[in-house]
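Dropping protein_26.csv in here (CSV, C-alpha atoms and all ligand atoms):
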chain,number,residue,atom,x,y,z
A,622,MET,CA,-36.1,39.9,-59.4
A,623,THR,CA,-34.1,42.7,-57.7
A,624,VAL,CA,-31.0,41.9,-55.7
A,625,SER,CA,-32.8,42.7,-52.5
A,626,SER,CA,-35.8,40.5,-53.1
A,627,ARG,CA,-33.4,37.6,-54.1
A,628,LEU,CA,-31.5,38.1,-50.8
A,629,PHE,CA,-34.8,38.1,-49.0
A,630,SER,CA,-36.0,34.9,-50.6
A,631,LEU,CA,-32.6,33.2,-49.8
A,632,PHE,CA,-32.9,34.4,-46.2
A,633,TYR,CA,-36.5,33.1,-46.1
A,634,GLN,CA,-35.4,29.7,-47.4
A,635,GLU,CA,-32.7,29.4,-44.8
A,636,ILE,CA,-35.1,30.3,-42.0
A,637,THR,CA,-37.6,27.7,-43.2
A,638,ASN,CA,-34.9,25.0,-43.4
A,639,TYR,CA,-33.7,25.9,-39.9
A,640,SER,CA,-37.1,25.6,-38.4
A,641,CYS,CA,-37.7,22.3,-40.1
A,642,LEU,CA,-34.5,21.0,-38.5
A,643,LEU,CA,-35.6,22.3,-35.1
A,644,VAL,CA,-39.0,20.5,-35.4
A,645,TYR,CA,-37.2,17.3,-36.6
A,646,PHE,CA,-34.7,17.3,-33.6
A,647,ALA,CA,-37.5,18.1,-31.2
A,648,SER,CA,-39.5,15.1,-32.4
A,649,ILE,CA,-36.4,12.8,-32.1
A,650,ASN,CA,-35.9,14.1,-28.6
A,651,ARG,CA,-39.5,13.4,-27.7
A,652,GLU,CA,-39.1,9.9,-28.9
A,653,LYS,CA,-36.0,9.5,-26.8
A,654,MET,CA,-37.6,11.0,-23.8
A,655,LYS,CA,-38.1,8.2,-21.3
A,656,GLN,CA,-41.4,7.6,-19.7
A,657,ILE,CA,-42.0,7.2,-16.0
A,658,ALA,CA,-45.2,5.8,-14.5
A,659,ILE,CA,-46.7,4.6,-11.3
A,660,ALA,CA,-50.1,3.0,-10.4
A,661,ILE,CA,-51.4,2.1,-6.9
A,662,HIS,CA,-54.3,0.3,-5.4
A,663,GLY,CA,-55.9,0.2,-1.9
A,664,GLY,CA,-58.1,-2.9,-2.5
A,665,ALA,CA,-61.1,-3.8,-4.5
A,666,GLY,CA,-64.6,-5.0,-3.6
A,667,THR,CA,-68.1,-3.9,-3.0
A,668,ILE,CA,-67.3,-0.2,-2.6
A,669,LEU,CA,-70.6,1.6,-3.1
A,670,ARG,CA,-71.1,5.4,-3.4
A,671,SER,CA,-74.2,4.9,-1.2
A,672,SER,CA,-72.3,3.5,1.7
A,673,MET,CA,-69.6,6.2,1.6
A,674,THR,CA,-69.7,9.5,3.5
A,675,GLU,CA,-68.2,12.6,2.0
A,676,SER,CA,-65.5,12.9,4.6
A,677,LYS,CA,-64.6,9.2,4.3
A,678,GLU,CA,-64.3,9.5,0.6
A,679,LEU,CA,-62.1,12.6,1.0
A,680,ALA,CA,-59.8,10.7,3.4
A,681,TYR,CA,-59.4,7.8,1.0
A,682,ARG,CA,-58.7,10.1,-1.9
A,683,GLU,CA,-56.1,12.0,0.1
A,684,ALA,CA,-54.4,8.8,1.2
A,685,LEU,CA,-54.2,7.5,-2.4
A,686,GLN,CA,-52.9,10.8,-3.6
A,687,ASN,CA,-50.2,10.8,-0.9
A,688,ALA,CA,-49.2,7.3,-2.0
A,689,ILE,CA,-48.9,8.3,-5.6
A,690,SER,CA,-46.8,11.4,-4.7
A,691,ALA,CA,-44.5,9.3,-2.5
A,692,GLY,CA,-43.7,6.9,-5.4
A,693,TYR,CA,-43.8,9.5,-8.3
A,694,SER,CA,-41.3,11.8,-6.5
A,695,VAL,CA,-38.8,9.0,-6.4
A,696,LEU,CA,-39.2,8.4,-10.1
A,697,GLU,CA,-39.0,12.1,-11.0
A,698,LYS,CA,-35.6,12.3,-9.3
A,699,GLY,CA,-34.4,9.4,-11.4
A,700,GLY,CA,-34.8,6.9,-8.6
A,701,SER,CA,-35.6,3.2,-9.2
A,702,SER,CA,-39.0,1.7,-9.7
A,703,LEU,CA,-38.2,-0.6,-6.7
A,704,ASP,CA,-37.7,2.4,-4.4
A,705,ALA,CA,-40.9,4.0,-5.9
A,706,VAL,CA,-43.2,1.0,-5.3
A,707,GLN,CA,-41.8,0.5,-1.8
A,708,ALA,CA,-42.4,4.2,-0.9
A,709,SER,CA,-46.0,4.1,-2.2
A,710,VAL,CA,-46.8,0.8,-0.4
A,711,MET,CA,-45.2,2.0,2.9
A,712,SER,CA,-47.3,5.2,2.7
A,713,LEU,CA,-50.5,3.0,2.4
A,714,GLU,CA,-49.2,0.5,5.1
A,715,ASP,CA,-48.9,3.5,7.5
A,716,CYS,CA,-52.5,4.6,6.9
A,717,PRO,CA,-55.2,2.9,9.0
A,718,LEU,CA,-57.8,3.1,6.2
A,719,PHE,CA,-56.3,0.1,4.3
A,720,ASN,CA,-55.9,-3.5,5.2
A,721,ALA,CA,-52.1,-3.6,5.4
A,722,GLY,CA,-49.5,-2.7,8.0
A,723,LYS,CA,-51.2,-0.5,10.6
A,724,GLY,CA,-54.7,-1.1,9.3
A,725,SER,CA,-54.4,-4.9,9.0
A,726,VAL,CA,-57.5,-6.9,9.8
A,727,PHE,CA,-57.8,-9.3,12.8
A,728,THR,CA,-57.1,-13.1,12.6
A,729,HIS,CA,-59.4,-15.5,14.4
A,730,ASP,CA,-57.1,-15.4,17.4
A,731,GLY,CA,-57.2,-11.6,17.6
A,732,THR,CA,-53.8,-11.0,16.2
A,733,HIS,CA,-52.5,-9.5,13.0
A,734,GLU,CA,-50.7,-11.7,10.5
A,735,MET,CA,-49.3,-9.8,7.5
A,736,ASP,CA,-48.1,-10.8,4.0
A,737,ALA,CA,-46.1,-8.8,1.5
A,738,SER,CA,-44.0,-9.1,-1.6
A,739,ILE,CA,-41.8,-7.1,-4.0
A,740,MET,CA,-40.3,-7.9,-7.4
A,741,GLU,CA,-38.1,-6.2,-10.0
A,742,GLY,CA,-38.3,-6.9,-13.7
A,743,LYS,CA,-34.6,-6.6,-14.8
A,744,ALA,CA,-33.0,-9.6,-13.0
A,745,LEU,CA,-36.3,-11.0,-11.8
A,746,MET,CA,-35.3,-10.7,-8.2
A,747,ALA,CA,-38.1,-11.1,-5.6
A,748,GLY,CA,-38.6,-11.1,-1.9
A,749,ALA,CA,-41.7,-12.0,0.1
A,750,VAL,CA,-42.9,-12.5,3.6
A,751,ALA,CA,-46.0,-14.3,5.0
A,752,GLY,CA,-47.7,-14.5,8.4
A,753,VAL,CA,-45.6,-12.0,10.3
A,754,GLN,CA,-46.7,-10.1,13.4
A,755,GLY,CA,-45.5,-6.8,14.7
A,756,VAL,CA,-43.4,-5.8,11.7
A,757,ARG,CA,-44.2,-2.1,11.0
A,758,ASN,CA,-43.7,-2.3,7.3
A,759,PRO,CA,-43.9,-5.8,5.8
A,760,VAL,CA,-43.0,-4.6,2.3
A,761,GLU,CA,-39.7,-3.2,3.7
A,762,LEU,CA,-39.1,-6.7,5.1
A,763,ALA,CA,-39.9,-8.3,1.8
A,764,ARG,CA,-37.3,-6.0,0.1
A,765,MET,CA,-34.7,-6.9,2.8
A,766,ILE,CA,-35.4,-10.6,2.2
A,767,MET,CA,-34.8,-10.0,-1.5
A,768,GLU,CA,-31.6,-8.1,-1.1
A,769,LYS,CA,-30.0,-9.4,2.2
A,770,SER,CA,-30.9,-13.1,2.2
A,771,GLU,CA,-30.5,-16.0,-0.2
A,772,HIS,CA,-34.2,-16.7,-0.1
A,773,VAL,CA,-37.4,-15.4,-1.7
A,774,LEU,CA,-40.1,-16.2,0.8
A,775,LEU,CA,-39.8,-16.3,4.6
A,776,THR,CA,-42.7,-17.0,7.0
A,777,GLY,CA,-43.9,-16.5,10.6
A,778,LYS,CA,-41.4,-16.5,13.4
A,779,GLY,CA,-38.4,-17.1,11.2
A,780,ALA,CA,-39.2,-14.0,9.2
A,781,GLU,CA,-39.6,-12.0,12.4
A,782,ASP,CA,-36.2,-13.3,13.6
A,783,PHE,CA,-34.7,-12.2,10.3
A,784,ALA,CA,-36.4,-8.7,10.6
A,785,ARG,CA,-35.0,-8.3,14.2
A,786,HIS,CA,-31.5,-9.4,12.9
A,787,MET,CA,-31.8,-6.6,10.3
A,788,ASN,CA,-32.9,-4.1,13.0
A,789,MET,CA,-36.2,-3.4,11.3
A,790,PRO,CA,-38.9,-1.5,13.2
A,791,PHE,CA,-41.5,-3.4,15.2
A,792,GLU,CA,-44.7,-2.1,16.8
A,793,ASN,CA,-46.8,-3.5,19.7
A,794,ALA,CA,-50.4,-4.7,19.5
A,795,ASP,CA,-51.8,-1.2,20.3
A,796,TYR,CA,-50.3,0.2,17.1
A,797,PHE,CA,-52.4,-2.3,15.0
A,798,PHE,CA,-55.5,-2.0,17.1
A,799,SER,CA,-58.7,-0.3,15.8
A,800,GLN,CA,-62.1,-0.7,17.3
A,801,PHE,CA,-63.6,-0.8,13.8
A,802,ARG,CA,-61.5,-3.8,12.8
A,803,TYR,CA,-62.1,-5.5,16.1
A,804,ASP,CA,-65.9,-5.1,15.6
A,805,GLN,CA,-65.5,-6.7,12.2
A,806,LEU,CA,-63.9,-9.7,13.8
A,807,LYS,CA,-66.5,-10.0,16.6
A,808,GLU,CA,-69.2,-10.1,14.0
A,809,ILE,CA,-67.9,-13.3,12.5
A,810,ARG,CA,-65.6,-14.9,15.0
A,811,ASP,CA,-68.0,-17.6,16.0
A,812,SER,CA,-68.7,-18.5,12.4
A,813,ASP,CA,-66.5,-20.7,10.3
A,814,THR,CA,-66.2,-18.1,7.6
A,815,VAL,CA,-63.4,-15.7,6.7
A,816,GLN,CA,-64.2,-12.3,5.5
A,817,LEU,CA,-62.7,-9.7,3.3
A,818,ASP,CA,-61.6,-6.5,4.8
A,819,HIS,CA,-65.0,-5.0,5.5
A,820,THR,CA,-68.5,-6.1,6.3
A,821,ASP,CA,-69.4,-4.7,2.9
A,822,LYS,CA,-67.0,-7.1,1.4
A,823,LYS,CA,-64.0,-5.1,0.5
A,824,PHE,CA,-60.4,-6.2,-0.1
A,825,GLY,CA,-58.2,-3.5,1.5
A,826,THR,CA,-54.9,-4.9,0.3
A,827,VAL,CA,-52.5,-2.3,-1.1
A,828,GLY,CA,-50.1,-2.4,-4.0
A,829,ALA,CA,-48.0,-0.4,-6.4
A,830,VAL,CA,-46.4,-0.9,-9.8
A,831,ALA,CA,-43.9,1.4,-11.5
A,832,LEU,CA,-41.7,2.1,-14.5
A,833,ASP,CA,-38.5,4.1,-14.0
A,834,LEU,CA,-36.3,6.3,-16.2
A,835,HIS,CA,-34.0,3.4,-16.8
A,836,GLY,CA,-36.8,1.3,-18.2
A,837,ASN,CA,-37.0,-1.0,-15.2
A,838,LEU,CA,-40.4,-2.3,-13.9
A,839,ALA,CA,-41.2,-3.2,-10.3
A,840,ALA,CA,-44.3,-4.3,-8.3
A,841,ALA,CA,-45.1,-4.6,-4.6
A,842,THR,CA,-48.2,-5.8,-2.6
A,843,SER,CA,-49.0,-5.8,1.1
A,844,THR,CA,-51.9,-7.1,3.1
A,845,GLY,CA,-53.4,-8.2,6.4
A,846,GLY,CA,-55.3,-10.9,4.6
A,847,MET,CA,-58.8,-11.8,5.6
A,848,THR,CA,-60.7,-11.1,8.8
A,849,ASN,CA,-61.1,-14.2,11.0
A,850,LYS,CA,-58.5,-16.2,9.1
A,851,ARG,CA,-56.8,-19.1,10.9
A,852,TYR,CA,-54.6,-22.1,10.5
A,853,ASN,CA,-51.9,-19.7,9.2
A,854,ARG,CA,-53.9,-19.0,6.0
A,855,VAL,CA,-51.9,-17.2,3.4
A,856,GLY,CA,-53.4,-15.4,0.3
A,857,ASP,CA,-52.0,-14.4,-3.0
A,858,SER,CA,-50.3,-11.2,-2.0
A,859,PRO,CA,-46.9,-12.8,-1.0
A,860,ILE,CA,-47.0,-15.4,-3.8
A,861,ILE,CA,-44.8,-14.3,-6.7
A,862,GLY,CA,-46.7,-14.9,-9.9
A,863,ALA,CA,-50.1,-14.9,-8.2
A,864,GLY,CA,-50.4,-11.5,-6.4
A,865,THR,CA,-47.2,-9.8,-7.6
A,866,TYR,CA,-45.0,-10.1,-10.7
A,867,ALA,CA,-42.6,-7.9,-12.7
A,868,ASN,CA,-40.7,-8.6,-15.9
A,869,ASN,CA,-38.9,-5.9,-18.0
A,870,ASN,CA,-40.0,-7.8,-21.2
A,871,THR,CA,-43.7,-7.3,-20.4
A,872,CYS,CA,-45.2,-5.6,-17.4
A,873,ALA,CA,-45.4,-5.2,-13.6
A,874,VAL,CA,-48.6,-6.4,-11.8
A,875,SER,CA,-50.0,-6.1,-8.3
A,876,CYS,CA,-53.4,-7.8,-7.4
A,877,THR,CA,-56.2,-7.5,-4.9
A,878,GLY,CA,-59.1,-9.8,-4.4
A,879,HIS,CA,-60.1,-13.2,-3.1
A,880,GLY,CA,-56.6,-14.6,-2.7
A,881,GLU,CA,-57.5,-18.3,-3.2
A,882,PHE,CA,-58.9,-17.6,-6.7
A,883,PHE,CA,-55.9,-15.4,-7.5
A,884,ILE,CA,-53.5,-18.2,-6.5
A,885,ARG,CA,-55.4,-20.8,-8.6
A,886,SER,CA,-55.3,-18.5,-11.6
A,887,VAL,CA,-51.7,-17.4,-11.2
A,888,VAL,CA,-53.0,-14.0,-12.1
A,889,ALA,CA,-50.0,-11.7,-12.2
A,890,TYR,CA,-47.9,-14.1,-14.2
A,891,ASP,CA,-50.7,-14.9,-16.5
A,892,VAL,CA,-51.0,-11.3,-17.6
A,893,SER,CA,-47.2,-11.2,-18.3
A,894,CYS,CA,-47.4,-14.6,-20.2
A,895,LEU,CA,-50.3,-13.4,-22.4
A,896,MET,CA,-48.1,-10.4,-23.4
A,897,GLU,CA,-44.9,-12.4,-23.8
A,898,TYR,CA,-46.2,-15.5,-25.6
A,899,LYS,CA,-49.3,-14.2,-27.3
A,900,GLY,CA,-48.1,-10.7,-28.1
A,901,LEU,CA,-51.2,-9.1,-26.5
A,902,SER,CA,-51.2,-5.5,-25.3
A,903,LEU,CA,-51.3,-4.8,-21.6
A,904,ARG,CA,-54.9,-3.8,-21.8
A,905,GLU,CA,-55.9,-7.0,-23.7
A,906,ALA,CA,-54.0,-9.2,-21.3
A,907,CYS,CA,-55.5,-7.7,-18.2
A,908,ASP,CA,-59.0,-7.8,-19.5
A,909,ILE,CA,-58.8,-11.5,-20.4
A,910,VAL,CA,-57.5,-12.4,-17.0
A,911,VAL,CA,-59.7,-10.2,-14.8
A,912,GLN,CA,-62.9,-10.0,-16.8
A,913,LYS,CA,-62.9,-13.5,-18.3
A,914,LYS,CA,-60.7,-16.1,-16.6
A,915,LEU,CA,-61.3,-14.9,-13.0
A,916,VAL,CA,-65.0,-14.3,-13.5
A,917,LYS,CA,-65.4,-17.8,-14.9
A,918,ILE,CA,-64.2,-19.4,-11.6
A,919,GLY,CA,-65.9,-16.8,-9.4
A,920,GLY,CA,-62.8,-14.9,-8.4
A,921,GLU,CA,-63.7,-11.3,-7.4
A,922,GLY,CA,-61.1,-8.5,-7.4
A,923,GLY,CA,-58.7,-6.6,-9.6
A,924,LEU,CA,-55.2,-5.6,-10.4
A,925,ILE,CA,-53.0,-2.7,-11.4
A,926,ALA,CA,-50.3,-3.0,-14.1
A,927,VAL,CA,-47.8,-0.9,-16.0
A,928,ASP,CA,-45.9,-1.8,-19.2
A,929,THR,CA,-42.5,-0.7,-20.6
A,930,HIS,CA,-44.1,2.3,-22.4
A,931,GLY,CA,-45.6,3.7,-19.2
A,932,ASN,CA,-49.2,2.6,-20.0
A,933,CYS,CA,-51.1,2.0,-16.8
A,934,VAL,CA,-54.1,-0.4,-16.7
A,935,LEU,CA,-56.3,-0.7,-13.6
A,936,SER,CA,-58.8,-3.5,-14.2
A,937,PHE,CA,-61.3,-5.0,-11.7
A,938,ASN,CA,-64.5,-7.1,-11.8
A,939,SER,CA,-65.9,-5.9,-8.5
A,940,GLU,CA,-68.0,-2.8,-7.7
A,941,GLY,CA,-65.0,-0.7,-7.1
A,942,MET,CA,-61.3,-0.5,-6.5
A,943,TYR,CA,-59.4,2.2,-4.6
A,944,ARG,CA,-56.8,3.3,-7.2
A,945,GLY,CA,-54.6,6.0,-8.6
A,946,TRP,CA,-52.0,6.5,-11.4
A,947,LYS,CA,-49.7,9.1,-12.9
A,948,ASN,CA,-47.3,9.0,-15.8
A,949,SER,CA,-44.9,11.5,-17.5
A,950,GLY,CA,-47.3,11.5,-20.5
A,951,GLY,CA,-49.5,13.8,-18.5
A,952,GLU,CA,-52.1,11.1,-17.5
A,953,ASP,CA,-53.1,10.9,-13.8
A,954,GLY,CA,-56.1,10.3,-11.6
A,955,VAL,CA,-57.6,8.9,-8.4
A,956,GLU,CA,-60.7,6.8,-8.6
A,957,ILE,CA,-62.8,4.6,-6.3
A,958,TYR,CA,-66.0,3.4,-8.1
A,959,LYS,CA,-66.6,1.7,-11.4
B,1001,LIG,N1,-55.7,-10.8,-1.8
B,1001,LIG,C1,-55.8,-10.6,-0.4
B,1001,LIG,C2,-55.8,-12.0,0.3
B,1001,LIG,O1,-56.5,-12.9,-0.2
B,1001,LIG,C3,-57.0,-9.9,0.1
B,1001,LIG,C4,-57.2,-8.5,-0.5
B,1001,LIG,O2,-56.8,-8.3,-1.6
B,1001,LIG,O3,-57.6,-7.6,0.2
B,1001,LIG,O4,-55.1,-12.2,1.3
Do you think you could lay out the structure here as structure tokens?
Ligand code: ASP
Amino acid sequence: MTVSSRLFSLFYQEITNYSCLLVYFASINREKMKQIAIAIHGGAGTILRSSMTESKELAYREALQNAISAGYSVLEKGGSSLDAVQASVMSLEDCPLFNAGKGSVFTHDGTHEMDASIMEGKALMAGAVAGVQGVRNPVELARMIMEKSEHVLLTGKGAEDFARHMNMPFENADYFFSQFRYDQLKEIRDSDTVQLDHTDKKFGTVGAVALDLHGNLAAATSTGGMTNKRYNRVGDSPIIGAGTYANNNTCAVSCTGHGEFFIRSVVAYDVSCLMEYKGLSLREACDIVVQKKLVKIGGEGGLIAVDTHGNCVLSFNSEGMYRGWKNSGGEDGVEIYK
């Protein structure tokens, strides 16, 4: 071998070693790169393609996309999962298409009684509110209860007094009025039944779950409950463990569906328990609870969930669920039907 070819081979060897090192460090970095993820829902139920117009579907898709962006942009900037789920849920509460905040359904007495909750998975802090009227963003009030009171769940007039004390925004009845929702009430007011969000049996509750850069999980849910509800009926949405749950050891969950069944099945906590005590994956745990346990007792609805790796699961046993998700692994989507 000539001197020059020996030099070339040495040089070649060095280059190869160097590129191997680069590949090695890149893979370590990728491993260390933290995931962020968000998933949202705008209710589950009998949502059929046949009963949807093109413009209505577009409006729903746009609202879901806006809610994802509101939460994801918080996460991208290094913000907390709590801030992210609150931002997403507030965006849905402000949209009249969903049964929460502005779009809440009517009670039997022609009022709007709203429920909401929020939870974070690091210290297991939670806040919830049930049966409040006039509060513009019930999820914001739930957060305030979590952070500025010694309590977890406040209800009715007391919760409203607390909201006023905290200078939270209130709206008058006009803000919550829509002819469409009023017609839904008129249809069934004289009957003894309560009804889900729409005449086509849809649960319009909204919710969000998120994982932030610091590995913290959070979940939030907000609803107007069921049309024609009375006697201060409260569903699963403000019940920690039923409609909402978050735990950094397992997952964050937000539910939508026939609340009475979700309370009896302690749905959100059950998903977390199956992961924690049985070592199941998020997908396995959600499927057992939604597709088996709930179905067995006749509980219609679904849930969204995220785990500590940023995996999102959106599972439902009804015809459809308004839903969307996005994670830093490049997965995202907005879907309505099965
Ligand atoms: N889960 C809610 C409730 O029972 C309803 C819904 O999801 O739309 O109050």
Place a sphere of radius 12 Å on (-48.0, 13.2, -22.0) in the file coordinates and name every protein, DNA or RNA residue with an atom inside or on its surface, counting only C-alpha atoms; give the answer as a count of residues only.
17
Residues within 8 Å of ligand LIG 1001 (chain B), counting only C-alpha atoms and all ligand atoms, as a ChimeraX atom specification:
/A:664-665,720,736,817-818,823-827,844-847,855-858,864,876-881,883,922
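Atom pair atom CA of A:Ala829 / atom CA of A:Met789: separated by 21.5 Å.
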Residue contacts of A:Gly699 (10 Å, only C-alpha atoms) excluding same-chain residues fewer than 4 positions away, as a ChimeraX atom specification
/A:657,693-695,833-835
